[in-house]
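With compact mmCIF, C-alpha atoms and all ligand atoms inside, this is final_36.txt:
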```txt
# COMPACT_ATOMS: atom_id res chain seq x y z
CA MET A 1 0.00 0.00 0.00
CA ASN A 2 1.24 3.50 -0.77
CA GLU A 3 0.48 6.22 1.76
CA SER A 4 0.24 8.96 -0.88
CA ARG A 5 -2.34 7.06 -2.90
CA PRO A 6 -5.66 8.92 -2.99
CA PRO A 7 -8.50 7.01 -1.31
CA VAL A 8 -11.36 5.58 -3.35
CA PRO A 9 -13.98 8.34 -3.25
CA ALA A 10 -16.98 7.32 -1.15
CA GLU A 11 -19.34 7.66 -4.10
CA ASN A 12 -17.24 5.20 -6.06
CA ARG A 13 -17.51 2.55 -3.35
CA THR A 14 -21.12 1.84 -4.19
CA SER A 15 -22.08 -0.09 -7.26
CA ALA A 16 -24.98 2.26 -7.95
CA SER A 17 -23.06 3.86 -10.79
CA GLY A 18 -21.75 0.57 -12.12
CA LEU A 19 -19.50 -2.33 -11.30
CA ARG A 20 -16.30 -1.21 -9.59
CA VAL A 21 -13.43 -2.66 -11.57
CA GLY A 22 -9.81 -3.20 -10.59
CA ILE A 23 -7.05 -3.71 -13.13
CA ILE A 24 -4.17 -5.92 -12.02
CA GLY A 25 -1.01 -5.40 -14.07
CA CYS A 26 -0.56 -1.94 -15.58
CA GLY A 27 1.50 -2.88 -18.65
CA ALA A 28 0.85 -2.96 -22.38
CA ILE A 29 -2.58 -4.60 -22.59
CA ALA A 30 -4.09 -2.94 -19.49
CA ILE A 31 -5.15 0.10 -21.52
CA ASN A 32 -7.48 -2.06 -23.67
CA HIS A 33 -9.28 -3.22 -20.52
CA LEU A 34 -9.40 0.29 -19.04
CA ASP A 35 -10.90 1.75 -22.22
CA ALA A 36 -13.38 -1.10 -22.49
CA TYR A 37 -14.75 -0.68 -18.95
CA ASN A 38 -14.75 3.09 -19.16
CA ARG A 39 -16.81 2.92 -22.35
CA HIS A 40 -19.32 0.66 -20.59
CA GLU A 41 -22.22 2.43 -18.90
CA ASP A 42 -22.41 -0.17 -16.12
CA ALA A 43 -18.75 -0.30 -15.08
CA PHE A 44 -15.89 2.01 -14.17
CA VAL A 45 -12.27 1.42 -13.20
CA ALA A 46 -12.00 2.28 -9.50
CA ASN A 47 -8.53 0.98 -8.71
CA CYS A 48 -5.41 -0.44 -10.32
CA MET A 49 -2.62 -2.57 -8.95
CA ASP A 50 0.90 -3.47 -10.05
CA THR A 51 3.84 -4.92 -8.14
CA ASP A 52 5.80 -2.00 -9.60
CA PRO A 53 4.55 1.13 -7.75
CA ASP A 54 5.73 3.46 -10.54
CA ARG A 55 3.66 1.58 -13.10
CA ALA A 56 0.56 1.55 -10.88
CA SER A 57 0.78 5.22 -9.92
CA THR A 58 1.56 6.41 -13.44
CA PHE A 59 -1.30 4.35 -14.91
CA ALA A 60 -3.70 5.75 -12.30
CA ARG A 61 -2.56 9.33 -12.80
CA GLU A 62 -2.55 9.23 -16.59
CA HIS A 63 -6.00 7.67 -16.82
CA GLY A 64 -7.83 9.33 -13.94
CA ILE A 65 -8.21 6.15 -11.89
CA PRO A 66 -9.10 7.25 -8.36
CA ALA A 67 -6.87 4.79 -6.49
CA TRP A 68 -3.88 2.57 -7.01
CA THR A 69 -2.00 0.06 -4.90
CA THR A 70 0.71 -2.59 -4.91
CA ASP A 71 -1.36 -4.80 -2.58
CA THR A 72 -3.68 -7.32 -4.26
CA GLY A 73 -5.77 -7.78 -1.10
CA GLU A 74 -6.38 -4.07 -0.81
CA LEU A 75 -7.48 -3.87 -4.45
CA LEU A 76 -9.80 -6.86 -4.10
CA SER A 77 -11.51 -5.37 -1.06
CA ALA A 78 -12.48 -2.27 -3.07
CA VAL A 79 -13.86 -3.73 -6.32
CA ASP A 80 -16.55 -6.05 -7.75
CA VAL A 81 -14.63 -7.27 -10.81
CA VAL A 82 -10.94 -7.54 -11.72
CA SER A 83 -9.14 -7.80 -15.01
CA VAL A 84 -5.90 -9.77 -14.71
CA CYS A 85 -3.35 -8.30 -17.16
CA THR A 86 -0.08 -9.67 -15.77
CA PRO A 87 2.44 -12.17 -17.22
CA HIS A 88 0.95 -15.66 -17.61
CA PRO A 89 2.58 -17.52 -14.66
CA THR A 90 1.23 -14.94 -12.22
CA HIS A 91 -2.39 -15.48 -13.30
CA GLU A 92 -3.09 -18.45 -11.04
CA ALA A 93 -2.19 -16.84 -7.71
CA LEU A 94 -4.14 -13.70 -8.61
CA VAL A 95 -7.24 -15.58 -9.80
CA LEU A 96 -7.23 -17.82 -6.71
CA GLN A 97 -6.99 -14.75 -4.50
CA ALA A 98 -9.88 -13.12 -6.37
CA ALA A 99 -11.93 -16.31 -5.95
CA ARG A 100 -11.30 -16.30 -2.19
CA ALA A 101 -12.38 -12.65 -2.09
CA GLY A 102 -15.55 -13.39 -4.13
CA VAL A 103 -14.52 -11.01 -6.92
CA ASP A 104 -15.40 -11.90 -10.54
CA VAL A 105 -12.36 -12.22 -12.81
CA LEU A 106 -11.68 -11.58 -16.46
CA CYS A 107 -8.24 -13.06 -17.10
CA GLU A 108 -5.97 -12.43 -20.05
CA LYS A 109 -4.87 -15.36 -22.21
CA PRO A 110 -3.33 -17.81 -21.65
CA LEU A 111 -5.20 -18.62 -18.47
CA ALA A 112 -2.04 -20.39 -17.29
CA ILE A 113 0.97 -22.08 -18.84
CA ASP A 114 0.08 -25.55 -17.59
CA VAL A 115 -3.15 -27.47 -17.48
CA GLN A 116 -3.02 -28.29 -13.76
CA SER A 117 -2.75 -24.63 -12.88
CA ALA A 118 -5.65 -23.73 -15.20
CA GLU A 119 -7.75 -26.52 -13.68
CA ARG A 120 -7.13 -25.18 -10.18
CA MET A 121 -8.26 -21.75 -11.38
CA VAL A 122 -11.42 -23.03 -13.05
CA ASN A 123 -12.32 -25.19 -10.03
CA ALA A 124 -11.64 -22.44 -7.48
CA CYS A 125 -13.86 -19.99 -9.36
CA ARG A 126 -16.64 -22.57 -9.76
CA GLU A 127 -16.51 -23.44 -6.04
CA ALA A 128 -16.47 -19.76 -5.05
CA GLY A 129 -19.43 -19.10 -7.36
CA ILE A 130 -17.64 -16.33 -9.21
CA HIS A 131 -17.40 -15.71 -12.95
CA LEU A 132 -14.13 -16.56 -14.67
CA GLY A 133 -13.82 -15.19 -18.19
CA ALA A 134 -10.79 -15.70 -20.43
CA VAL A 135 -9.90 -13.03 -22.98
CA PHE A 136 -10.11 -14.31 -26.54
CA GLN A 137 -11.40 -11.13 -28.09
CA ARG A 138 -10.94 -12.36 -31.66
CA ARG A 139 -14.16 -14.38 -31.22
CA PHE A 140 -15.96 -11.03 -31.21
CA TRP A 141 -14.92 -10.02 -34.73
CA PRO A 142 -17.98 -9.85 -36.98
CA ALA A 143 -16.11 -12.09 -39.45
CA ALA A 144 -15.52 -14.72 -36.73
CA GLN A 145 -19.13 -14.53 -35.56
CA ARG A 146 -20.33 -14.93 -39.16
CA ILE A 147 -18.43 -18.22 -39.45
CA ARG A 148 -19.92 -19.42 -36.15
CA ALA A 149 -23.40 -18.47 -37.43
CA ALA A 150 -22.81 -20.29 -40.75
CA LEU A 151 -21.85 -23.46 -38.84
CA ASP A 152 -24.87 -23.09 -36.55
CA ALA A 153 -27.12 -22.70 -39.62
CA ASP A 154 -25.55 -25.83 -41.17
CA ALA A 155 -24.59 -23.78 -44.24
CA LEU A 156 -21.41 -25.87 -44.68
CA GLY A 157 -22.49 -29.27 -43.46
CA SER A 158 -20.05 -30.83 -41.02
CA PRO A 159 -16.59 -29.27 -41.02
CA ILE A 160 -14.13 -31.66 -42.63
CA LEU A 161 -10.99 -29.58 -43.19
CA ALA A 162 -9.59 -26.47 -41.52
CA ARG A 163 -6.42 -24.46 -42.04
CA ALA A 164 -4.97 -21.92 -39.67
CA GLU A 165 -1.92 -19.82 -40.49
CA VAL A 166 -0.34 -17.37 -38.04
CA LEU A 167 2.41 -15.72 -40.06
CA LEU A 168 3.83 -12.88 -38.01
CA HIS A 169 6.83 -10.64 -37.60
CA ARG A 170 8.54 -9.95 -34.29
CA ASP A 171 11.89 -8.27 -33.98
CA ALA A 172 14.53 -9.02 -31.35
CA SER A 173 13.43 -6.18 -29.09
CA TYR A 174 9.96 -7.72 -28.69
CA TYR A 175 11.64 -10.51 -26.74
CA THR A 176 14.64 -8.75 -25.21
CA ALA A 177 12.86 -5.61 -23.93
CA THR A 178 10.41 -7.63 -21.81
CA PRO A 179 12.37 -10.02 -19.58
CA TRP A 180 9.56 -12.60 -19.13
CA ARG A 181 9.12 -13.22 -22.86
CA GLY A 182 10.71 -16.12 -24.71
CA LYS A 183 11.45 -18.30 -21.66
CA TRP A 184 9.76 -21.59 -20.87
CA GLU A 185 9.35 -20.74 -17.18
CA SER A 186 7.78 -17.32 -17.67
CA ASP A 187 6.21 -17.42 -21.17
CA GLY A 188 5.23 -21.10 -21.22
CA GLY A 189 6.05 -21.40 -24.92
CA GLY A 190 6.68 -19.31 -27.99
CA VAL A 191 4.52 -18.38 -30.96
CA LEU A 192 1.99 -21.10 -30.06
CA MET A 193 1.43 -20.07 -26.43
CA THR A 194 1.50 -16.33 -27.00
CA GLN A 195 0.20 -15.51 -30.50
CA ALA A 196 -1.26 -18.62 -32.17
CA ILE A 197 -3.28 -19.46 -29.02
CA HIS A 198 -6.04 -17.20 -30.39
CA TYR A 199 -6.30 -19.44 -33.46
CA VAL A 200 -6.30 -22.63 -31.37
CA ASP A 201 -9.22 -21.08 -29.49
CA LEU A 202 -11.03 -20.15 -32.73
CA LEU A 203 -10.45 -23.61 -34.24
CA GLN A 204 -11.90 -25.29 -31.15
CA TRP A 205 -14.80 -22.84 -30.98
CA TYR A 206 -15.67 -23.93 -34.52
CA LEU A 207 -14.63 -27.60 -34.55
CA GLY A 208 -14.87 -28.75 -30.92
CA ASP A 209 -12.60 -31.08 -29.01
CA VAL A 210 -9.30 -32.34 -30.36
CA ASP A 211 -8.67 -36.09 -30.49
CA TRP A 212 -4.92 -36.01 -31.26
CA VAL A 213 -2.23 -33.69 -32.57
CA MET A 214 1.09 -34.15 -34.28
CA ALA A 215 3.42 -31.15 -34.16
CA THR A 216 6.97 -30.14 -34.93
CA ALA A 217 8.73 -26.88 -34.14
CA ASP A 218 12.01 -25.04 -34.21
CA THR A 219 13.58 -21.71 -33.34
CA PHE A 220 14.83 -20.41 -36.66
CA LYS A 221 15.10 -16.63 -36.27
CA HIS A 222 15.15 -15.68 -32.59
CA GLY A 223 17.29 -18.49 -31.16
CA ASP A 224 20.05 -16.17 -29.88
CA TYR A 225 17.78 -14.70 -27.21
CA ILE A 226 14.76 -17.01 -26.72
CA GLU A 227 14.44 -20.61 -25.54
CA VAL A 228 10.99 -21.27 -26.98
CA GLU A 229 9.78 -22.08 -30.50
CA ASP A 230 9.36 -19.32 -33.07
CA THR A 231 7.96 -21.60 -35.80
CA LEU A 232 5.73 -24.66 -35.80
CA ALA A 233 3.59 -26.86 -38.00
CA ALA A 234 0.93 -29.23 -36.71
CA THR A 235 -1.86 -31.52 -37.78
CA LEU A 236 -4.92 -31.79 -35.55
CA ARG A 237 -7.58 -34.48 -35.70
CA PHE A 238 -10.83 -33.49 -34.00
CA THR A 239 -13.15 -35.90 -32.21
CA SER A 240 -15.71 -35.04 -34.92
CA GLY A 241 -13.28 -36.50 -37.46
CA ALA A 242 -12.35 -33.12 -38.97
CA ILE A 243 -8.70 -32.51 -39.84
CA ALA A 244 -6.83 -29.23 -39.43
CA GLN A 245 -3.46 -28.01 -40.56
CA PHE A 246 -1.87 -25.36 -38.35
CA THR A 247 1.24 -23.29 -39.04
CA ALA A 248 2.61 -20.41 -36.98
CA SER A 249 5.76 -18.32 -36.93
CA THR A 250 7.14 -15.00 -35.70
CA ALA A 251 10.07 -15.29 -38.14
CA LEU A 252 8.53 -13.53 -41.15
CA THR A 253 9.62 -10.16 -42.54
CA PRO A 254 7.20 -8.75 -43.40
CA ALA A 255 4.30 -10.49 -41.67
CA LEU A 256 1.70 -12.07 -43.95
CA GLY A 257 -1.20 -12.09 -41.49
CA GLN A 258 -3.37 -14.71 -39.85
CA ARG A 259 -5.89 -16.85 -41.71
CA LEU A 260 -8.38 -19.51 -40.79
CA SER A 261 -10.51 -21.41 -43.27
CA ILE A 262 -13.05 -24.17 -42.86
CA THR A 263 -14.40 -26.46 -45.56
CA GLY A 264 -17.59 -28.36 -44.82
CA SER A 265 -19.02 -31.64 -46.04
CA HIS A 266 -21.25 -29.75 -48.51
CA GLY A 267 -18.06 -28.52 -50.18
CA ALA A 268 -18.26 -24.82 -49.31
CA THR A 269 -15.38 -22.96 -47.66
CA VAL A 270 -15.50 -19.95 -45.34
CA SER A 271 -12.46 -18.11 -44.11
CA LEU A 272 -11.22 -15.10 -42.23
CA LEU A 273 -8.08 -13.08 -42.73
CA GLU A 274 -6.53 -10.84 -40.05
CA TYR A 275 -4.23 -8.50 -41.91
CA PRO A 276 -2.46 -6.43 -40.77
CA GLU A 277 -2.19 -8.12 -37.36
CA GLY A 278 -4.68 -6.87 -34.80
CA THR A 279 -7.18 -5.38 -37.24
CA SER A 280 -10.70 -6.77 -37.44
CA ALA A 281 -10.62 -9.81 -39.74
CA VAL A 282 -12.47 -9.96 -43.05
CA ASN A 283 -14.18 -13.03 -44.49
CA GLU A 284 -11.72 -13.49 -47.33
CA VAL A 285 -13.24 -16.59 -48.95
CA TRP A 286 -16.94 -17.37 -48.78
CA THR A 287 -18.21 -20.05 -51.18
CA VAL A 288 -21.55 -20.86 -49.53
CA PRO A 289 -23.92 -21.13 -52.53
CA GLY A 290 -25.79 -17.89 -53.09
CA HIS A 291 -23.41 -15.89 -50.87
CA GLU A 292 -20.12 -16.27 -52.76
CA ALA A 293 -17.55 -13.54 -52.15
CA PHE A 294 -13.82 -13.01 -52.13
CA THR A 295 -12.55 -10.02 -50.15
CA HIS A 296 -8.89 -9.25 -49.75
CA PRO A 297 -7.69 -6.18 -47.85
CA ALA A 298 -5.32 -3.75 -49.55
CA ALA A 299 -1.69 -4.84 -49.31
CA VAL A 300 0.21 -3.38 -46.35
CA LEU A 301 3.75 -4.60 -46.63
CA ASP A 302 5.22 -2.65 -43.70
CA ASP A 303 5.25 -4.39 -40.36
CA VAL A 304 3.00 -2.88 -37.71
CA ALA A 305 4.39 -1.80 -34.30
CA LEU A 306 3.10 -3.64 -31.22
CA PRO A 307 1.27 -0.62 -29.66
CA GLU A 308 -0.63 -0.25 -32.95
CA ILE A 309 -1.50 -3.96 -32.95
CA ASN A 310 -2.80 -3.71 -29.36
CA ALA A 311 -4.77 -0.55 -30.22
CA SER A 312 -6.46 -2.37 -33.11
CA LEU A 313 -7.52 -5.12 -30.71
CA ALA A 314 -9.19 -2.64 -28.32
CA PRO A 315 -12.71 -2.55 -29.87
CA PHE A 316 -12.89 -6.32 -29.46
CA HIS A 317 -11.65 -6.21 -25.88
CA ALA A 318 -14.55 -3.75 -25.45
CA LEU A 319 -17.06 -6.25 -26.85
CA GLN A 320 -15.71 -9.03 -24.64
CA VAL A 321 -15.71 -6.80 -21.55
CA ALA A 322 -19.33 -5.81 -22.32
CA ASP A 323 -20.23 -9.49 -22.57
CA PHE A 324 -18.47 -10.21 -19.26
CA VAL A 325 -20.16 -7.32 -17.43
CA HIS A 326 -23.51 -8.54 -18.77
CA ALA A 327 -22.77 -12.09 -17.52
CA VAL A 328 -21.80 -10.80 -14.06
CA ARG A 329 -24.93 -8.67 -13.84
CA GLN A 330 -27.28 -11.39 -15.15
CA GLY A 331 -25.59 -14.33 -13.42
CA THR A 332 -25.10 -16.07 -16.79
CA GLU A 333 -22.05 -17.67 -18.42
CA PRO A 334 -19.70 -15.31 -20.27
CA ALA A 335 -19.14 -16.00 -23.98
CA VAL A 336 -15.64 -17.28 -23.29
CA THR A 337 -15.32 -19.22 -20.05
CA GLY A 338 -12.39 -20.52 -18.04
CA GLU A 339 -13.35 -23.99 -19.29
CA ASP A 340 -12.96 -22.76 -22.90
CA ALA A 341 -9.46 -21.52 -22.08
CA LEU A 342 -8.67 -24.82 -20.38
CA ARG A 343 -9.73 -26.71 -23.53
CA SER A 344 -7.28 -24.84 -25.78
CA LEU A 345 -4.55 -25.20 -23.15
CA HIS A 346 -5.06 -28.98 -23.19
CA THR A 347 -4.62 -28.93 -26.99
CA MET A 348 -1.49 -26.78 -26.86
CA THR A 349 -0.03 -29.00 -24.14
CA ALA A 350 -0.53 -32.00 -26.44
CA MET A 351 1.11 -30.05 -29.29
CA TYR A 352 4.17 -29.33 -27.13
CA ALA A 353 4.24 -32.97 -26.03
CA SER A 354 4.19 -34.05 -29.68
CA MET A 355 7.02 -31.63 -30.55
CA ARG A 356 9.09 -33.39 -27.89
CA SER A 357 8.08 -36.99 -28.52
CA GLY A 358 7.81 -36.90 -32.31
CA GLN A 359 4.59 -38.88 -31.84
CA PRO A 360 0.91 -38.00 -32.00
CA GLU A 361 -0.36 -36.93 -28.58
CA ARG A 362 -3.85 -36.70 -27.12
CA PRO A 363 -5.05 -33.68 -25.11
CA GLY A 364 -5.25 -34.79 -21.50
CA GLY A 365 -3.53 -38.02 -22.48
CA GLY A 366 -0.15 -37.34 -20.97
CA THR A 367 1.18 -36.17 -17.68
CA GLN A 368 4.03 -34.10 -19.10
CA PRO A 369 3.91 -30.43 -18.09
CA VAL A 370 3.92 -27.68 -20.72
CA VAL A 371 7.39 -26.63 -19.63
CA PRO A 372 9.61 -29.31 -21.18
CA THR A 373 12.84 -30.48 -19.71
CA GLU A 374 14.60 -29.98 -23.04
CA PRO A 375 14.18 -27.13 -25.54
CA VAL A 376 11.80 -28.10 -28.34
CA ARG A 377 14.36 -27.32 -31.04
CA GLU A 378 16.73 -30.01 -29.84
CA VAL A 379 14.24 -32.84 -29.91
CA SER A 380 12.44 -31.77 -33.07
CA ARG A 381 15.51 -32.12 -35.30
N1 LIG B 1 -5.68 -10.66 -25.59
C1 LIG B 1 -4.62 -10.23 -26.29
O1 LIG B 1 -4.64 -10.13 -27.51
C2 LIG B 1 -3.36 -9.88 -25.53
C3 LIG B 1 -2.43 -8.98 -26.08
C4 LIG B 1 -1.29 -8.68 -25.33
C5 LIG B 1 -1.08 -9.28 -24.09
N2 LIG B 1 -1.98 -10.19 -23.62
C6 LIG B 1 -1.76 -10.90 -22.33
O2 LIG B 1 -1.78 -9.96 -21.27
C7 LIG B 1 -0.86 -10.36 -20.26
C8 LIG B 1 0.07 -9.18 -19.98
O3 LIG B 1 0.79 -8.86 -21.17
P1 LIG B 1 1.44 -7.39 -21.38
O4 LIG B 1 1.97 -7.38 -22.76
O5 LIG B 1 0.47 -6.33 -20.96
O6 LIG B 1 2.65 -7.48 -20.33
P2 LIG B 1 3.55 -6.29 -19.73
O7 LIG B 1 4.85 -6.90 -19.34
O8 LIG B 1 3.53 -5.12 -20.63
O9 LIG B 1 2.73 -5.87 -18.40
C9 LIG B 1 2.59 -6.73 -17.30
C10 LIG B 1 2.46 -5.88 -16.02
O10 LIG B 1 2.16 -6.76 -14.93
C11 LIG B 1 2.94 -6.34 -13.79
N3 LIG B 1 3.04 -7.50 -12.89
C12 LIG B 1 3.87 -8.57 -12.98
N4 LIG B 1 3.59 -9.45 -12.01
C13 LIG B 1 2.55 -8.94 -11.29
C14 LIG B 1 1.81 -9.39 -10.17
N5 LIG B 1 2.05 -10.57 -9.60
N6 LIG B 1 0.82 -8.60 -9.69
C15 LIG B 1 0.56 -7.40 -10.26
N7 LIG B 1 1.24 -6.91 -11.32
C16 LIG B 1 2.22 -7.68 -11.83
C17 LIG B 1 4.24 -5.85 -14.39
O11 LIG B 1 4.93 -4.98 -13.48
C18 LIG B 1 3.75 -5.13 -15.64
O12 LIG B 1 3.44 -3.77 -15.38
C19 LIG B 1 -0.13 -11.61 -20.77
O13 LIG B 1 -0.70 -12.77 -20.19
C20 LIG B 1 -0.39 -11.56 -22.26
O14 LIG B 1 -0.45 -12.85 -22.87
C21 LIG B 1 -3.12 -10.49 -24.30
```

Write out the structure in this file as structure tokens.
Amino acid sequence: MNESRPPVPAENRTSASGLRVGIIGCGAIAINHLDAYNRHEDAFVANCMDTDPDRASTFAREHGIPAWTTDTGELLSAVDVVSVCTPHPTHEALVLQAARAGVDVLCEKPLAIDVQSAERMVNACREAGIHLGAVFQRRFWPAAQRIRAALDADALGSPILARAEVLLHRDASYYTATPWRGKWESDGGGVLMTQAIHYVDLLQWYLGDVDWVMATADTFKHGDYIEVEDTLAATLRFTSGAIAQFTASTALTPALGQRLSITGSHGATVSLLEYPEGTSAVNEVWTVPGHEAFTHPAAVLDDVALPEINASLAPFHALQVADFVHAVRQGTEPAVTGEDALRSLHTMTAMYASMRSGQPERPGGGTQPVVPTEPVREVSR
């Protein structure tokens, strides 16, 4: 606690003017959460917390947040809802503390870097009767929702084939300027755990549970300063029988964007393209009879800086925050639950297990943790 921190004004301690929100972790993505709540008529950010007092105080001052602290317990006693925006391995302790305090939690992806940790989080929130939402804001793109609606309307038949490509650019400073990035212990993985996770989530939202995966990976571009994979290719077989091909890399210059396409048993294909990274996707290919279209965005061959990417994501954080506030108010399930995040984590854990074993692996089938004992690049050669 900081003595010079202004107290929460009395009028802000009631929920009459909206849910009182606390933001934990005042780094790069926190601003998307702040803007989203502040745009919502039924919520306002009452407090923020960071283990670094300079970050907490600066964030509070720059954004007119009435109180800040370095003490999680103090924050939790003053709010109804928290957004957890800290590095992945810290999520569990913070979510468990929120559950004990009875505070609803919207947690940034990945929920955790290992399945056991994510299970403890999901179970603790269920037992405490609080909402646990996991941020996968790409589900809120109109283009992503249109694919979900097409599947619901059986416009494609059963999905038989999917392709996901996450073809990104990151420079060295992305990893070296933020000490927790690029390490197994603190990042939990590379391009799969941090960037492509959104596309694992989308694939499973569309195609359901994964039966087995076969994956291989390497560290081609960033190996001088990261331990984790920067490039991977995988095949996924779903319990429905559908097959997906998945490729991801942060080694491209320039980036070529992120694509997902699904072909159904009727023969039609629907797809989305996120290009440049962070911008709302477009439905690039749509061959459903009577609705055929091909839409490609104008070429942008310059790579986009990370703050710009995060800013482009903000409208979709806003939609997910609005959904979460609605769920808290109505006592309903949020659109993306902790269980959803656990499902994609199971799949990614199997992908990492396959990179190490060179064998197909089933989600939930192994006991190996996400953090391998050997770097993926050594066993995948
Ligand atoms: N949904 C998305 O598209 C998206 C985009 C970017 C980041 N993220 C996720 O958001 C999380 C944070 O990423 P970032 O880029 O904002 O990181 P960051 O390093 O910029 O900020 C993290 C902040 O958390 C603080 N912190 C660390 N441990 C803490 C603790 N135990 N309690 C309180 N504060 C603590 C740090 O001091 C720092 O200010 C990550 O899990 C990341 O995967 C999601």

* To do: All residues within 6 Å of ligand LIG 1 (chain B) are required, counting only C-alpha atoms and all ligand atoms; please report them as number ranges by chain.
  => A: 24-30, 49-52, 55, 85-88, 90, 108-110, 135-136, 194

* Counting all atoms listed in the file, the option among A:Val210, A:Ala143, A:Leu301, A:Val200 closest to Leu168 of chain A -> A:Leu301

* Fewer than 5 positions away in the same chain doesn't count, so skip those; otherwise give me all residues within 7 Å of segment 337-345 of chain A, counting only C-alpha atoms, as number ranges by chain. => A: 111, 115, 118-119, 122, 132-134, 200-201

* Asked: Distance atom CA of Ala162 of chain A-atom CA of Val282 of chain A, one decimal place?
  ->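 Rounded to one decimal, the two atoms are 16.8 Å apart.
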
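Pairwise distance (atom CA of Thr349 of chain A, atom CA of Glu92 of chain A) equals 17.1 Å.
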
* **Expected answer as a ChimeraX atom specification: all residues with atoms within 12 Å of (-15.1, -10.0, -43.3), only C-alpha atoms** => /A:141-147,259-260,270-275,279-286,293-297

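Taking only C-alpha atoms into account, Glu165 of chain A lies nearest to A:His198 out of the set A:Arg329, A:Arg138, A:His63, A:His198.
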
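Closest approach to Ser312 of chain A from the set A:Met214, A:Val328, A:His222, A:Glu277 is made by A:Glu277, with distances taken over only C-alpha atoms.
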
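Each of A:Ile226, A:Ala299, A:Ala215, A:Ile130 was compared to Thr176 of chain A using all atoms listed in the file, and A:Ile226 turns out to be the nearest.
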